[in-house]
>>> print(open('target_10.pdb').read())   # PDB, C-alpha atoms
ATOM      1  CA  MET A   1     -23.895  -3.038  -1.846  1.00  0.00           C
ATOM      2  CA  LYS A   2     -23.255  -6.690  -2.617  1.00  0.00           C
ATOM      3  CA  ALA A   3     -24.993  -9.340  -0.473  1.00  0.00           C
ATOM      4  CA  THR A   4     -22.803 -12.237   0.663  1.00  0.00           C
ATOM      5  CA  GLY A   5     -25.523 -14.455   2.113  1.00  0.00           C
ATOM      6  CA  VAL A   6     -23.533 -14.782   5.348  1.00  0.00           C
ATOM      7  CA  VAL A   7     -25.327 -14.117   8.648  1.00  0.00           C
ATOM      8  CA  ARG A   8     -23.473 -13.794  11.969  1.00  0.00           C
ATOM      9  CA  ARG A   9     -24.649 -13.197  15.536  1.00  0.00           C
ATOM     10  CA  ILE A  10     -23.152 -10.538  17.768  1.00  0.00           C
ATOM     11  CA  ASP A  11     -21.697 -12.049  20.946  1.00  0.00           C
ATOM     12  CA  ASP A  12     -22.212 -10.705  24.479  1.00  0.00           C
ATOM     13  CA  LEU A  13     -19.205  -8.377  24.096  1.00  0.00           C
ATOM     14  CA  GLY A  14     -20.581  -6.835  20.880  1.00  0.00           C
ATOM     15  CA  ARG A  15     -18.170  -8.688  18.572  1.00  0.00           C
ATOM     16  CA  ILE A  16     -18.899 -10.147  15.181  1.00  0.00           C
ATOM     17  CA  VAL A  17     -16.723 -12.543  13.178  1.00  0.00           C
ATOM     18  CA  ILE A  18     -15.932 -11.628   9.587  1.00  0.00           C
ATOM     19  CA  PRO A  19     -15.839 -14.900   7.621  1.00  0.00           C
ATOM     20  CA  LYS A  20     -12.442 -16.126   6.472  1.00  0.00           C
ATOM     21  CA  GLU A  21     -13.449 -16.070   2.786  1.00  0.00           C
ATOM     22  CA  ILE A  22     -14.376 -12.382   2.994  1.00  0.00           C
ATOM     23  CA  ARG A  23     -11.197 -11.525   4.948  1.00  0.00           C
ATOM     24  CA  LYS A  24      -9.124 -13.354   2.350  1.00  0.00           C
ATOM     25  CA  SER A  25     -10.770 -11.729  -0.672  1.00  0.00           C
ATOM     26  CA  LEU A  26     -10.463  -8.249   0.897  1.00  0.00           C
ATOM     27  CA  ARG A  27      -6.954  -8.971   2.254  1.00  0.00           C
ATOM     28  CA  ILE A  28      -7.967  -8.225   5.838  1.00  0.00           C
ATOM     29  CA  ARG A  29      -5.379  -9.639   8.234  1.00  0.00           C
ATOM     30  CA  GLU A  30      -5.262 -10.059  11.978  1.00  0.00           C
ATOM     31  CA  GLY A  31      -4.313  -6.705  13.472  1.00  0.00           C
ATOM     32  CA  ASP A  32      -5.658  -4.620  10.546  1.00  0.00           C
ATOM     33  CA  SER A  33      -7.729  -1.591  11.480  1.00  0.00           C
ATOM     34  CA  LEU A  34     -11.233  -1.103  10.120  1.00  0.00           C
ATOM     35  CA  GLU A  35     -13.183   2.153   9.979  1.00  0.00           C
ATOM     36  CA  ILE A  36     -16.852   1.916  10.903  1.00  0.00           C
ATOM     37  CA  TYR A  37     -19.435   3.976   9.017  1.00  0.00           C
ATOM     38  CA  THR A  38     -23.215   4.127   9.110  1.00  0.00           C
ATOM     39  CA  ASP A  39     -25.443   5.233   6.255  1.00  0.00           C
ATOM     40  CA  GLY A  40     -27.897   6.998   8.541  1.00  0.00           C
ATOM     41  CA  SER A  41     -30.463   4.226   8.591  1.00  0.00           C
ATOM     42  CA  ASP A  42     -29.831   0.568   9.415  1.00  0.00           C
ATOM     43  CA  SER A  43     -26.528  -0.231   7.678  1.00  0.00           C
ATOM     44  CA  ILE A  44     -23.026  -0.532   9.103  1.00  0.00           C
ATOM     45  CA  ILE A  45     -20.136  -0.285   6.653  1.00  0.00           C
ATOM     46  CA  LEU A  46     -16.645  -1.542   7.475  1.00  0.00           C
ATOM     47  CA  LYS A  47     -13.734  -0.174   5.457  1.00  0.00           C
ATOM     48  CA  LYS A  48     -10.050  -1.057   5.745  1.00  0.00           C
ATOM     49  CA  TYR A  49      -8.303   1.866   7.377  1.00  0.00           C
ATOM     50  CA  SER A  50      -5.301   3.271   5.529  1.00  0.00           C
ATOM     51  CA  HIS A  51      -2.785   5.270   7.545  1.00  0.00           C
ATOM     52  CA  VAL A  52      -1.084   6.361   4.337  1.00  0.00           C
ATOM     53  CA  GLU A  53      -4.277   7.479   2.580  1.00  0.00           C
ATOM     54  CA  ASN A  54      -5.051   9.806   5.504  1.00  0.00           C
ATOM     55  CA  ILE A  55      -1.973  11.893   4.691  1.00  0.00           C
ATOM     56  CA  ASN A  56      -2.625  11.700   0.961  1.00  0.00           C
ATOM     57  CA  ASN A  57      -1.815  15.346   0.088  1.00  0.00           C
ATOM     58  CA  PHE A  58       1.441  15.205   2.009  1.00  0.00           C
ATOM     59  CA  ILE A  59       2.457  11.958   0.246  1.00  0.00           C
ATOM     60  CA  ILE A  60       1.658  13.435  -3.186  1.00  0.00           C
ATOM     61  CA  GLN A  61       3.848  16.464  -2.470  1.00  0.00           C
ATOM     62  CA  TYR A  62       6.572  14.233  -1.049  1.00  0.00           C
ATOM     63  CA  VAL A  63       6.822  11.969  -4.136  1.00  0.00           C
ATOM     64  CA  GLU A  64       6.786  14.990  -6.443  1.00  0.00           C
ATOM     65  CA  ALA A  65       9.679  16.511  -4.463  1.00  0.00           C
ATOM     66  CA  VAL A  66      11.624  13.226  -4.627  1.00  0.00           C
ATOM     67  CA  TYR A  67      11.093  13.031  -8.388  1.00  0.00           C
ATOM     68  CA  SER A  68      12.010  16.711  -8.910  1.00  0.00           C
ATOM     69  CA  SER A  69      15.266  16.362  -7.020  1.00  0.00           C
ATOM     70  CA  SER A  70      16.369  12.901  -8.172  1.00  0.00           C
ATOM     71  CA  LYS A  71      14.608  12.354 -11.525  1.00  0.00           C
ATOM     72  CA  ARG A  72      13.740   8.846 -10.293  1.00  0.00           C
ATOM     73  CA  ASP A  73      10.172   7.585 -10.698  1.00  0.00           C
ATOM     74  CA  ILE A  74       8.578   6.776  -7.340  1.00  0.00           C
ATOM     75  CA  ILE A  75       5.384   5.057  -6.174  1.00  0.00           C
ATOM     76  CA  VAL A  76       3.896   4.940  -2.655  1.00  0.00           C
ATOM     77  CA  THR A  77       1.237   2.359  -1.803  1.00  0.00           C
ATOM     78  CA  ASP A  78      -0.731   1.318   1.217  1.00  0.00           C
ATOM     79  CA  THR A  79      -1.608  -2.373   1.542  1.00  0.00           C
ATOM     80  CA  GLU A  80      -4.556  -1.939  -0.828  1.00  0.00           C
ATOM     81  CA  ARG A  81      -3.965   0.815  -3.396  1.00  0.00           C
ATOM     82  CA  ILE A  82      -1.447   3.074  -5.050  1.00  0.00           C
ATOM     83  CA  ILE A  83      -1.568   6.305  -3.048  1.00  0.00           C
ATOM     84  CA  ALA A  84       0.840   8.493  -5.040  1.00  0.00           C
ATOM     85  CA  ALA A  85       3.171   8.290  -8.023  1.00  0.00           C
ATOM     86  CA  ALA A  86       5.552  10.780  -9.598  1.00  0.00           C
ATOM     87  CA  GLY A  87       7.534  10.541 -12.789  1.00  0.00           C
ATOM     88  CA  ASN A  88       6.691   8.938 -16.092  1.00  0.00           C
ATOM     89  CA  PHE A  89       3.486   7.197 -14.992  1.00  0.00           C
ATOM     90  CA  ARG A  90      -0.039   7.244 -16.361  1.00  0.00           C
ATOM     91  CA  LYS A  91      -2.168   9.636 -14.356  1.00  0.00           C
ATOM     92  CA  ASP A  92      -4.817   6.957 -13.718  1.00  0.00           C
ATOM     93  CA  LEU A  93      -2.332   4.785 -11.810  1.00  0.00           C
ATOM     94  CA  VAL A  94      -3.121   6.501  -8.490  1.00  0.00           C
ATOM     95  CA  GLY A  95      -6.037   4.813  -6.758  1.00  0.00           C
ATOM     96  CA  LYS A  96      -5.603   1.470  -8.538  1.00  0.00           C
ATOM     97  CA  LYS A  97      -5.691  -1.651  -6.401  1.00  0.00           C
ATOM     98  CA  ILE A  98      -2.295  -3.308  -5.976  1.00  0.00           C
ATOM     99  CA  THR A  99      -1.858  -6.899  -7.126  1.00  0.00           C
ATOM    100  CA  SER A 100      -1.748  -9.807  -4.701  1.00  0.00           C
ATOM    101  CA  SER A 101       1.807 -10.564  -5.910  1.00  0.00           C
ATOM    102  CA  LEU A 102       2.903  -7.040  -4.927  1.00  0.00           C
ATOM    103  CA  ASP A 103       1.151  -7.428  -1.578  1.00  0.00           C
ATOM    104  CA  GLU A 104       3.080 -10.668  -0.987  1.00  0.00           C
ATOM    105  CA  LYS A 105       6.354  -8.873  -1.746  1.00  0.00           C
ATOM    106  CA  ILE A 106       5.438  -6.047   0.654  1.00  0.00           C
ATOM    107  CA  GLN A 107       4.638  -8.569   3.414  1.00  0.00           C
ATOM    108  CA  ARG A 108       8.206  -9.968   3.203  1.00  0.00           C
ATOM    109  CA  ARG A 109       9.334  -6.916   5.221  1.00  0.00           C
ATOM    110  CA  THR A 110      12.621  -6.590   3.329  1.00  0.00           C
ATOM    111  CA  LEU A 111      14.192  -4.297   0.796  1.00  0.00           C
ATOM    112  CA  GLN A 112      13.891  -6.060  -2.571  1.00  0.00           C
ATOM    113  CA  LYS A 113      15.643  -5.336  -5.856  1.00  0.00           C
ATOM    114  CA  PHE A 114      14.164  -6.176  -9.249  1.00  0.00           C
ATOM    115  CA  GLU A 115      16.404  -6.210 -12.292  1.00  0.00           C
ATOM    116  CA  LYS A 116      15.362  -4.922 -15.710  1.00  0.00           C
ATOM    117  CA  GLY A 117      13.060  -7.492 -17.318  1.00  0.00           C
ATOM    118  CA  GLU A 118      11.877  -9.092 -14.038  1.00  0.00           C
ATOM    119  CA  ASN A 119       8.501  -7.389 -14.531  1.00  0.00           C
ATOM    120  CA  LEU A 120       7.240  -6.193 -11.163  1.00  0.00           C
ATOM    121  CA  GLU A 121       3.440  -6.362 -11.426  1.00  0.00           C
ATOM    122  CA  VAL A 122       2.117  -3.414  -9.425  1.00  0.00           C
ATOM    123  CA  ALA A 123      -1.534  -3.132 -10.531  1.00  0.00           C
ATOM    124  CA  ASP A 124      -3.792  -4.637 -13.186  1.00  0.00           C
ATOM    125  CA  ASN A 125      -2.375  -3.678 -16.578  1.00  0.00           C
ATOM    126  CA  PHE A 126       0.647  -1.978 -14.992  1.00  0.00           C
ATOM    127  CA  VAL A 127       3.971  -3.792 -14.889  1.00  0.00           C
ATOM    128  CA  ILE A 128       7.335  -2.205 -14.176  1.00  0.00           C
ATOM    129  CA  GLY A 129       9.823  -3.696 -16.630  1.00  0.00           C
ATOM    130  CA  GLN A 130      12.756  -1.484 -15.608  1.00  0.00           C
ATOM    131  CA  SER A 131      14.967  -2.094 -12.617  1.00  0.00           C
ATOM    132  CA  ALA A 132      13.221  -1.172  -9.367  1.00  0.00           C
ATOM    133  CA  VAL A 133      13.666  -1.364  -5.622  1.00  0.00           C
ATOM    134  CA  LEU A 134      10.873  -1.832  -3.057  1.00  0.00           C
ATOM    135  CA  LYS A 135      10.890  -1.149   0.670  1.00  0.00           C
ATOM    136  CA  PRO A 136       7.897  -1.716   2.980  1.00  0.00           C
ATOM    137  CA  ILE A 137       6.682   1.177   5.139  1.00  0.00           C
ATOM    138  CA  THR A 138       6.203   0.208   8.780  1.00  0.00           C
ATOM    139  CA  VAL A 139       4.479   2.055  11.606  1.00  0.00           C
ATOM    140  CA  TYR A 140       5.134   0.684  15.098  1.00  0.00           C
ATOM    141  CA  GLY A 141       6.232  -2.586  13.476  1.00  0.00           C
ATOM    142  CA  ASP A 142       3.099  -2.992  11.333  1.00  0.00           C
ATOM    143  CA  ILE A 143       3.389  -2.948   7.542  1.00  0.00           C
ATOM    144  CA  ILE A 144       1.172  -0.206   6.147  1.00  0.00           C
ATOM    145  CA  GLY A 145       2.440   0.049   2.572  1.00  0.00           C
ATOM    146  CA  ALA A 146       5.558   0.364   0.456  1.00  0.00           C
ATOM    147  CA  THR A 147       7.747   2.712  -1.502  1.00  0.00           C
ATOM    148  CA  ILE A 148       9.002   1.716  -4.951  1.00  0.00           C
ATOM    149  CA  VAL A 149      11.764   3.601  -6.766  1.00  0.00           C
ATOM    150  CA  ILE A 150      12.541   2.872 -10.409  1.00  0.00           C
ATOM    151  CA  GLY A 151      16.156   2.926 -11.561  1.00  0.00           C
ATOM    152  CA  GLU A 152      17.603   4.088 -14.840  1.00  0.00           C
ATOM    153  CA  ASN A 153      19.381   0.878 -15.875  1.00  0.00           C
ATOM    154  CA  THR A 154      20.307  -0.874 -12.668  1.00  0.00           C
ATOM    155  CA  ILE A 155      19.653  -0.309  -8.991  1.00  0.00           C
ATOM    156  CA  GLY A 156      22.450   1.654  -7.417  1.00  0.00           C
ATOM    157  CA  ASP A 157      23.126   3.430  -4.162  1.00  0.00           C
ATOM    158  CA  ILE A 158      20.938   6.406  -5.139  1.00  0.00           C
ATOM    159  CA  GLU A 159      17.816   4.284  -5.668  1.00  0.00           C
ATOM    160  CA  LYS A 160      18.461   2.246  -2.508  1.00  0.00           C
ATOM    161  CA  SER A 161      18.947   5.418  -0.472  1.00  0.00           C
ATOM    162  CA  LEU A 162      15.803   7.040  -1.888  1.00  0.00           C
ATOM    163  CA  VAL A 163      13.599   4.039  -1.130  1.00  0.00           C
ATOM    164  CA  GLU A 164      15.099   3.603   2.369  1.00  0.00           C
ATOM    165  CA  ILE A 165      14.782   7.275   3.282  1.00  0.00           C
ATOM    166  CA  SER A 166      11.251   7.522   1.868  1.00  0.00           C
ATOM    167  CA  SER A 167       9.916   4.428   3.636  1.00  0.00           C
ATOM    168  CA  ILE A 168      11.507   5.324   6.955  1.00  0.00           C
ATOM    169  CA  PHE A 169      10.458   8.981   6.729  1.00  0.00           C
ATOM    170  CA  ILE A 170       6.820   8.190   5.919  1.00  0.00           C
ATOM    171  CA  GLY A 171       6.719   5.579   8.708  1.00  0.00           C
ATOM    172  CA  LYS A 172       8.202   7.975  11.279  1.00  0.00           C
ATOM    173  CA  TYR A 173       5.878  10.763  10.126  1.00  0.00           C
ATOM    174  CA  LEU A 174       2.873   8.522  10.726  1.00  0.00           C
ATOM    175  CA  GLU A 175       4.166   7.501  14.167  1.00  0.00           C
ATOM    176  CA  SER A 176       4.307  11.121  15.337  1.00  0.00           C
TER     177      SER A 176
END
>>> encode(input="target_10.pdb", output="structure tokens")
Amino acid sequence: MKATGVVRRIDDLGRIVIPKEIRKSLRIREGDSLEIYTDGSDSIILKKYSHVENINNFIIQYVEAVYSSSKRDIIVTDTERIIAAAGNFRKDLVGKKITSSLDEKIQRRTLQKFEKGENLEVADNFVIGQSAVLKPITVYGDIIGATIVIGENTIGDIEKSLVEISSIFIGKYLES
């Protein structure tokens, strides 16, 4: 555990303020959920809660089915990490932290197309140089991640449909 040197008091309602610098470095935003753990003695551990990570096995099977049926590479992320990937990716891609530039794109809340050569930086040492399309995943209006589908040469109706269907389906699944 890394000490930050920051000390905060608990107020009369049991609240504690997480300093802005820590929230910024960990990409914790207003409205984010945190899981609370204890280590059995005198430590409290806060961890960003990932809706997508909690259905990890389902997401892995889902992206493999999408790839099997469409032969399009696909990635699913939460707002912190790559949760699942299927296609021609390195196996160690899953679990890697997403880049801040990808997080900014996800926060735009729109479907975004990237042409071949635009270099979509997904994680450290992993850049998509092919054409790709990204769609945020929302649950009850909150962004919880994104789906990225890689095209063959350009982004067409197939890739747009796959990313739309995947993002909406995962979001609706998590709402139920």
>>> resolve_selection(input="target_10.pdb", expression="the PyMOL selection byres ((chain A and resi 22) around 12)", output="ChimeraX atom specification")
/A:2-6,17-21,23-29,46
>>> resolve_selection(input="target_10.pdb", expression="the PyMOL selection byres ((chain A and resi 153-165) around 8)", output="list in words")
Val66, Arg72, Lys113, Glu115, Lys116, Gln130, Ser131, Ala132, Val133, Leu134, Lys135, Thr147, Ile148, Val149, Ile150, Gly151, Glu152, Ser166, Ser167, Ile168 and Phe169 of chain A
>>> resolve_selection(input="target_10.pdb", expression="the PyMOL selection byres ((chain A and resi 99-109) around 7)", output="ChimeraX atom specification")
/A:79,97-98,110,121-124,136,146
>>> atom_distance(input="target_10.pdb", atom1="atom CA of A:Ala86", atom2="atom CA of A:Ile143")
22.1 Å
>>> atom_distance(input="target_10.pdb", atom1="atom CA of A:Leu34", atom2="atom CA of A:Ile75")
24.1 Å
>>> residues_around(input="target_10.pdb", residues="A:Ile170", least_positions_apart="2", cutoff="10 Å", atoms="only C-alpha atoms", output="VMD selection string")
chain A and resid 52 55 58 to 59 62 76 137 to 139 145 to 147 165 to 168 172 to 175
>>> closest_residue(input="target_10.pdb", among="A:Lys91, A:Lys48, A:Arg9, A:Arg15", to="A:Asp78", atoms="all atoms listed in the file")
A:Lys48
>>> residues_around(input="target_10.pdb", residues="A:Asn119", least_positions_apart="3", cutoff="6 Å", atoms="only C-alpha atoms", output="list in words")
Val127, Ile128 and Gly129 of chain A
>>> residues_around(input="target_10.pdb", residues="A:Ile45", least_positions_apart="6", cutoff="12 Å", atoms="all atoms listed in the file", output="mmCIF file with C-alpha atoms, in the coordinates of the input")
data_model
loop_
_atom_site.group_PDB
_atom_site.id
_atom_site.type_symbol
_atom_site.label_atom_id
_atom_site.label_comp_id
_atom_site.auth_asym_id
_atom_site.auth_seq_id
_atom_site.Cartn_x
_atom_site.Cartn_y
_atom_site.Cartn_z
ATOM 1 C CA MET A 1 -23.895 -3.038 -1.846
ATOM 2 C CA LYS A 2 -23.255 -6.690 -2.617
ATOM 3 C CA LEU A 34 -11.233 -1.103 10.120
ATOM 4 C CA GLU A 35 -13.183 2.153 9.979
ATOM 5 C CA ILE A 36 -16.852 1.916 10.903
ATOM 6 C CA TYR A 37 -19.435 3.976 9.017
ATOM 7 C CA THR A 38 -23.215 4.127 9.110
ATOM 8 C CA ASP A 39 -25.443 5.233 6.255
#
>>> atom_distance(input="target_10.pdb", atom1="atom CA of A:Gly87", atom2="atom CA of A:Gly117")
19.4 Å
>>> closest_residue(input="target_10.pdb", among="A:Asn125, A:Ser68, A:Gly141, A:Gln112", to="A:Leu93", atoms="all atoms listed in the file")
A:Asn125
